[in-house]
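Okay, my_file.txt now, which holds compact mmCIF, C-alpha atoms and all ligand atoms:
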```txt
# COMPACT_ATOMS: atom_id res chain seq x y z
CA MET A 1 123.99 139.96 90.01
CA ASN A 2 122.73 142.34 87.32
CA GLU A 3 125.80 144.55 87.76
CA LEU A 4 128.03 141.58 86.82
CA LEU A 5 125.89 140.74 83.77
CA GLU A 6 125.95 144.37 82.66
CA ALA A 7 129.75 144.53 82.88
CA LEU A 8 130.30 141.55 80.58
CA PRO A 9 131.34 141.97 76.93
CA PRO A 10 128.68 140.97 74.35
CA ASP A 11 130.33 137.65 73.46
CA ALA A 12 130.71 136.45 77.06
CA LEU A 13 129.83 132.92 78.17
CA VAL A 14 127.80 132.60 81.38
CA LEU A 15 126.98 129.49 83.43
CA ASP A 16 123.70 129.41 85.39
CA LEU A 17 124.39 126.58 87.83
CA GLY A 18 121.56 124.61 89.43
CA CYS A 19 119.04 126.92 87.88
CA ALA A 20 115.84 124.84 87.56
CA GLY A 21 113.90 126.92 85.00
CA GLY A 22 116.62 129.59 84.78
CA SER A 23 117.64 131.75 87.74
CA PHE A 24 117.85 135.05 85.85
CA ARG A 25 116.90 136.68 82.58
CA ALA A 26 119.67 137.83 80.28
CA SER A 27 117.55 139.83 77.91
CA GLY A 28 118.95 142.96 76.35
CA LYS A 29 122.50 141.62 75.90
CA SER A 30 123.88 139.13 73.41
CA LEU A 31 125.43 136.91 76.10
CA THR A 32 125.47 133.14 75.76
CA VAL A 33 123.94 131.65 78.91
CA VAL A 34 124.32 127.91 79.53
CA ARG A 35 121.95 126.51 82.13
CA ILE A 36 122.59 123.38 84.18
CA ASP A 37 120.42 121.44 86.59
CA LEU A 38 120.30 117.90 87.98
CA GLU A 39 116.66 117.70 86.90
CA ALA A 40 115.35 118.20 83.38
CA ALA A 41 114.05 121.65 82.47
CA LYS A 42 110.29 121.89 82.12
CA PRO A 43 109.45 123.35 79.69
CA ALA A 44 112.55 122.69 77.60
CA MET A 45 115.02 125.58 77.35
CA PRO A 46 117.74 126.44 74.85
CA ASN A 47 121.35 125.89 76.00
CA PHE A 48 120.19 123.65 78.85
CA ALA A 49 122.08 120.57 80.03
CA GLN A 50 121.00 118.08 82.67
CA ALA A 51 124.11 117.42 84.74
CA ASP A 52 125.57 117.04 88.22
CA ALA A 53 127.20 120.25 89.50
CA ALA A 54 130.10 118.14 90.79
CA ARG A 55 130.74 116.72 87.27
CA LEU A 56 130.24 119.58 84.82
CA PRO A 57 130.36 118.62 81.12
CA PHE A 58 132.56 121.57 80.08
CA ARG A 59 136.20 122.13 79.26
CA ASP A 60 138.50 123.96 81.68
CA HIS A 61 138.37 127.75 82.03
CA CYS A 62 135.65 128.58 79.50
CA PHE A 63 133.12 130.74 81.44
CA ASP A 64 133.35 134.50 82.01
CA LEU A 65 130.74 134.46 84.77
CA VAL A 66 129.36 131.65 86.91
CA VAL A 67 126.06 132.22 88.71
CA SER A 68 124.97 129.93 91.54
CA ASN A 69 121.67 131.50 92.54
CA HIS A 70 120.02 129.74 95.51
CA SER A 71 121.62 126.41 94.56
CA LEU A 72 124.65 125.61 96.80
CA GLU A 73 122.30 124.64 99.64
CA HIS A 74 120.96 121.84 97.40
CA PHE A 75 124.25 120.24 96.32
CA GLU A 76 124.97 116.85 97.90
CA ASN A 77 128.65 117.07 96.92
CA LEU A 78 129.31 120.69 97.76
CA THR A 79 133.11 120.42 97.75
CA GLY A 80 133.03 118.75 94.33
CA ALA A 81 130.68 121.42 92.95
CA LEU A 82 132.90 124.27 94.21
CA GLN A 83 135.97 122.64 92.67
CA GLU A 84 134.13 122.30 89.38
CA ILE A 85 133.19 126.00 89.45
CA GLY A 86 136.90 126.80 89.84
CA ARG A 87 137.78 124.46 86.98
CA VAL A 88 135.29 125.78 84.40
CA ALA A 89 135.63 129.50 85.31
CA LYS A 90 138.30 131.50 83.51
CA PRO A 91 141.02 132.88 85.83
CA SER A 92 139.60 136.30 84.90
CA ALA A 93 135.98 135.25 85.57
CA ALA A 94 133.50 136.59 88.10
CA LEU A 95 131.42 134.35 90.37
CA TYR A 96 128.09 135.21 91.98
CA VAL A 97 126.69 133.00 94.75
CA SER A 98 123.50 133.49 96.76
CA VAL A 99 122.40 131.21 99.61
CA PRO A 100 119.94 131.27 102.50
CA ASP A 101 121.19 131.93 106.03
CA ALA A 102 120.10 128.79 107.92
CA THR A 103 119.70 130.74 111.16
CA THR A 104 116.90 132.96 109.81
CA PHE A 105 113.15 132.68 110.29
CA THR A 106 112.73 132.43 106.51
CA ASP A 107 114.96 129.39 106.02
CA ARG A 108 113.54 127.63 109.09
CA LEU A 109 110.04 128.28 107.78
CA TYR A 110 110.94 126.94 104.34
CA ARG A 111 112.46 123.75 105.78
CA TRP A 112 109.47 123.23 108.07
CA LEU A 113 106.89 123.74 105.32
CA ALA A 114 108.72 121.68 102.68
CA ARG A 115 110.15 119.01 105.02
CA GLY A 116 113.66 120.16 104.29
CA GLY A 117 112.85 121.34 100.78
CA GLY A 118 116.01 119.78 99.37
CA HIS A 119 118.27 121.99 101.49
CA VAL A 120 121.04 119.55 102.33
CA ASN A 121 123.60 122.20 103.32
CA ALA A 122 122.90 124.65 106.15
CA PHE A 123 125.07 127.80 106.12
CA SER A 124 125.23 129.87 109.27
CA SER A 125 128.39 131.96 108.78
CA ALA A 126 128.93 134.25 105.80
CA GLU A 127 132.64 134.53 106.58
CA ASP A 128 133.19 130.77 106.74
CA LEU A 129 131.29 130.13 103.51
CA ALA A 130 133.08 132.92 101.62
CA ALA A 131 136.44 131.52 102.73
CA ARG A 132 135.44 127.98 101.68
CA ILE A 133 134.28 129.12 98.22
CA GLN A 134 137.43 131.20 97.70
CA ALA A 135 139.69 128.31 98.69
CA ALA A 136 137.92 125.80 96.43
CA THR A 137 137.47 128.01 93.34
CA ARG A 138 140.64 130.12 93.68
CA LEU A 139 138.51 133.17 92.87
CA LYS A 140 139.12 135.99 95.34
CA HIS A 141 136.23 137.06 97.57
CA VAL A 142 135.32 140.65 96.72
CA ALA A 143 132.08 141.48 98.54
CA THR A 144 129.20 140.12 100.58
CA ARG A 145 125.76 141.64 100.88
CA THR A 146 122.71 140.71 102.92
CA LEU A 147 119.60 139.68 101.00
CA CYS A 148 116.02 140.26 102.18
CA THR A 149 112.92 138.21 101.50
CA SER A 150 109.23 138.70 100.80
CA LEU A 151 108.41 134.97 101.12
CA SER A 152 107.52 135.06 97.42
CA PHE A 153 108.16 131.29 97.32
CA LEU A 154 104.90 130.93 99.26
CA ASN A 155 102.87 133.02 96.81
CA ARG A 156 100.00 130.81 95.59
CA LYS A 157 100.11 132.59 92.21
CA ASN A 158 103.62 131.16 91.71
CA SER A 159 102.70 127.66 92.84
CA ARG A 160 102.52 124.89 90.22
CA THR A 161 102.20 122.03 92.69
CA ARG A 162 99.95 121.30 95.66
CA ARG A 163 100.71 123.59 98.55
CA PRO A 164 101.54 122.04 101.94
CA ARG A 165 98.56 121.94 104.32
CA LYS A 166 100.69 123.62 107.00
CA LEU A 167 100.61 126.75 104.85
CA LEU A 168 96.97 127.24 105.84
CA LEU A 169 98.28 128.36 109.24
CA LEU A 170 100.13 131.21 107.53
CA GLY A 171 97.48 132.52 105.17
CA ASP A 172 97.81 129.87 102.45
CA GLY A 173 100.17 131.95 100.34
CA THR A 174 97.67 134.67 99.51
CA GLN A 175 99.12 137.99 98.49
CA THR A 176 97.36 139.66 101.41
CA SER A 177 99.22 137.40 103.85
CA LEU A 178 102.54 138.17 102.11
CA HIS A 179 101.83 141.91 102.21
CA LEU A 180 101.20 141.61 105.95
CA PHE A 181 104.45 139.67 106.44
CA SER A 182 106.42 142.26 104.46
CA PHE A 183 104.88 145.13 106.41
CA PHE A 184 105.31 143.71 109.91
CA SER A 185 108.72 142.10 109.34
CA ARG A 186 110.20 145.41 108.13
CA LEU A 187 108.59 147.24 111.03
CA SER A 188 109.91 144.68 113.54
CA ASP A 189 113.42 144.72 112.06
CA ARG A 190 113.52 148.49 112.15
CA TRP A 191 112.21 149.07 115.64
CA LEU A 192 112.87 145.81 117.51
CA HIS A 193 116.11 144.88 115.68
CA THR A 194 114.84 141.42 114.72
CA ARG A 195 115.96 139.68 111.48
CA LEU A 196 112.57 138.60 110.15
CA SER A 197 113.06 140.08 106.69
CA ILE A 198 116.51 138.53 106.15
CA TYR A 199 116.92 135.74 103.59
CA GLY A 200 120.66 135.16 103.33
CA TRP A 201 123.71 136.45 101.51
CA ALA A 202 125.02 137.25 98.06
CA PHE A 203 128.76 136.75 97.53
CA TYR A 204 130.90 138.23 94.77
CA PHE A 205 134.20 136.64 93.74
CA GLY A 206 136.88 137.14 91.12
CA ASN A 207 136.72 139.80 88.47
CA ALA A 208 133.72 141.69 89.85
CA THR A 209 134.84 145.04 88.48
CA ALA A 210 131.42 146.69 88.34
CA PRO A 211 130.50 148.83 91.38
CA ILE A 212 128.59 146.61 93.85
CA ASP A 213 125.88 148.05 96.05
CA ARG A 214 126.63 146.37 99.40
CA HIS A 215 123.58 147.69 101.23
CA PRO A 216 120.62 145.36 101.78
CA TRP A 217 117.58 146.13 99.65
CA THR A 218 114.54 146.04 101.91
CA ASN A 219 112.00 146.07 99.09
CA VAL A 220 111.50 142.60 97.62
CA CYS A 221 108.52 141.83 95.40
CA ILE A 222 105.98 139.39 96.88
CA ARG A 223 105.26 137.98 93.40
CA CYS A 224 108.54 137.73 91.45
CA GLY A 225 110.99 138.03 94.37
CA SER A 226 113.16 140.70 92.75
CA GLY A 227 114.75 143.24 95.05
CA HIS A 228 115.22 146.93 94.34
CA PRO A 229 117.03 149.72 96.20
CA SER A 230 114.45 152.07 97.71
CA GLU A 231 116.04 155.07 95.95
CA SER A 232 115.36 153.50 92.56
CA LEU A 233 111.63 153.08 93.29
CA ARG A 234 110.96 156.79 93.44
CA HIS A 235 109.30 156.74 89.99
CA VAL A 236 107.05 153.74 90.65
CA ARG A 237 105.72 154.73 94.06
CA VAL A 238 101.96 154.14 94.31
CA ARG A 239 100.01 154.81 97.51
CA ARG A 240 97.00 152.66 98.33
CA LEU A 241 94.63 153.88 101.03
CA PHE A 242 97.45 156.01 102.46
CA VAL A 243 99.80 152.99 102.62
CA PRO A 244 103.13 153.70 100.88
CA GLY A 245 103.76 151.21 98.09
CA TYR A 246 105.40 150.70 94.72
CA SER A 247 104.63 148.90 91.52
CA CYS A 248 107.33 146.25 90.92
CA PRO A 249 109.48 147.32 87.92
CA ASP A 250 109.82 143.65 86.89
CA CYS A 251 106.27 142.27 87.18
CA GLY A 252 103.99 145.22 88.02
CA THR A 253 102.72 143.78 91.34
CA TRP A 254 101.89 146.33 94.03
CA ASN A 255 104.13 145.99 97.11
CA PHE A 256 104.41 147.70 100.47
CA PHE A 257 107.29 150.22 100.39
CA ALA A 258 109.96 150.62 103.08
CA ALA A 259 113.05 152.81 103.03
CA ASP A 260 116.32 150.87 103.08
CA ASN A 261 117.66 151.05 106.61
CA LEU A 262 119.32 147.69 107.36
CA LYS A 263 123.09 147.59 107.79
ZN ZN B 1 107.75 141.68 90.92
```

When written as C-alpha cells, how does the structure in this file appear?
Amino acid sequence: MNELLEALPPDALVLDLGCAGGSFRASGKSLTVVRIDLEAAKPAMPNFAQADAARLPFRDHCFDLVVSNHSLEHFENLTGALQEIGRVAKPSAALYVSVPDATTFTDRLYRWLARGGGHVNAFSSAEDLAARIQAATRLKHVATRTLCTSLSFLNRKNSRTRRPRKLLLLGDGTQTSLHLFSFFSRLSDRWLHTRLSIYGWAFYFGNATAPIDRHPWTNVCIRCGSGHPSESLRHVRVRRLFVPGYSCPDCGTWNFFAADNLK
C-alpha cells in the first residue's frame, strides 16, 4: 500500500475504509486521510466519521485512493460497500484491498479463537474476489500479491482486552510463542510446501501507476505486523545466539529472519 501512498500528489484525498483506529500511518506527506468505521474511534481521531461502508457520507468521485485494509471480511453488506467504493472513488483513483484467505491456517485459527471474530465474509478465491471488486467498483484489477502473517494479532503486548482462554493452548500470545510460530511456519512452507505463513491477499485496482512488488514478503513483524522485503532488511540484520534476525524498521522489535522464497 505504501507505494500507492507515495505516488499520490500532496493534496490528494484518501479514504481509509473500516479502519478501526486507522489502518495505516500517512506521516511524511501532506495527504488528507479520512477514516471511516461502523464503530466510534477510541481514542478520538481527526477526520474520522462513524458510518456504514454501504452508505458512505461523501459526494461522488472525490477520493484519489481508497484503502480497505482487512475490512471487507467484516462488511455485512459487501455488495453495497463495493458499490459505494466505486461511487466515491474518482475514475482516476487507485484502490487497495487486503483480505484474509479463509482456507488458511491463520484465518481458521482467528475464527476459532475469536468465535468468528466478526468475519462475516469468507474469501477462498483471489481470482473470484478480484473480479467481483472490479465489476462493482469499475476500477480495473492491476495486481494481486500474497500476504504473510506473524500472528501479531495474538501478541499479548498488543492486546487491550481479555485474551481468550483457548489462547493458553498456543502460548498465550507471548512473543516467544510467536517467534517459534514464525520460525517453524517459514521452515515448513519452504521444505514441506505447506501454507502456514500465508495470511491472504492484497489487491491493487485502478490507477496504481507506482511499481508494485508482487512477491510475498516472508518477514512480518510479530509486534506491529508490518511486512518487509528480505532485501530491504540487510541494514537491520541482528543475530541473536547465532539465530538470524532483524530489528523491525517500524517498531524496533527483534524478529526471526527468513529469505523471501514464496512464489
Ligand atoms: Zn514491528

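The smallest atom-to-atom distance between ligand ZN 1 (chain B) and any of A:Ala7, A:Glu231, A:Ser152, A:Lys166, using only C-alpha atoms and all ligand atoms, is found for A:Ser152.
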
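Proximal residues of ligand ZN 1 (chain B) are Ser152, Val220, Cys221, Ile222, Arg223, Cys224, Gly225, Ser226, Gly227, His228, Ser247, Cys248, Pro249, Asp250, Cys251, Gly252, Thr253, Trp254 and Asn255 of chain A, by a cut-off of 10 Å on all atoms listed in the file.
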
Exercise for review: Dump as a list in words all residues having an atom at most 7 Å from (128.6, 138.9, 98.9), computed in the file's coordinates with only C-alpha atoms.
Suggested key: Ala143, Thr144, Arg145, Trp201, Ala202, Phe203 and Tyr204 of chain A

Check your understanding: region 119-132 of chain A: which residues within 7 Å, counting only C-alpha atoms, same-chain residues fewer than 6 positions away excluded, as number ranges by chain?
Key -> A: 73-76, 101-103, 141

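Picture a line from CA of Phe256 (chain A) to CA of Gly22 (chain A); it runs 26.9 Å.
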
**Study point:** For Leu31 (chain A): contacts at 12 Å, all atoms listed in the file, fewer than 3 positions along chain excluded, given as a VMD selection string
**Key:** chain A and resid 4 to 15 25 to 28 34 47 63 to 65
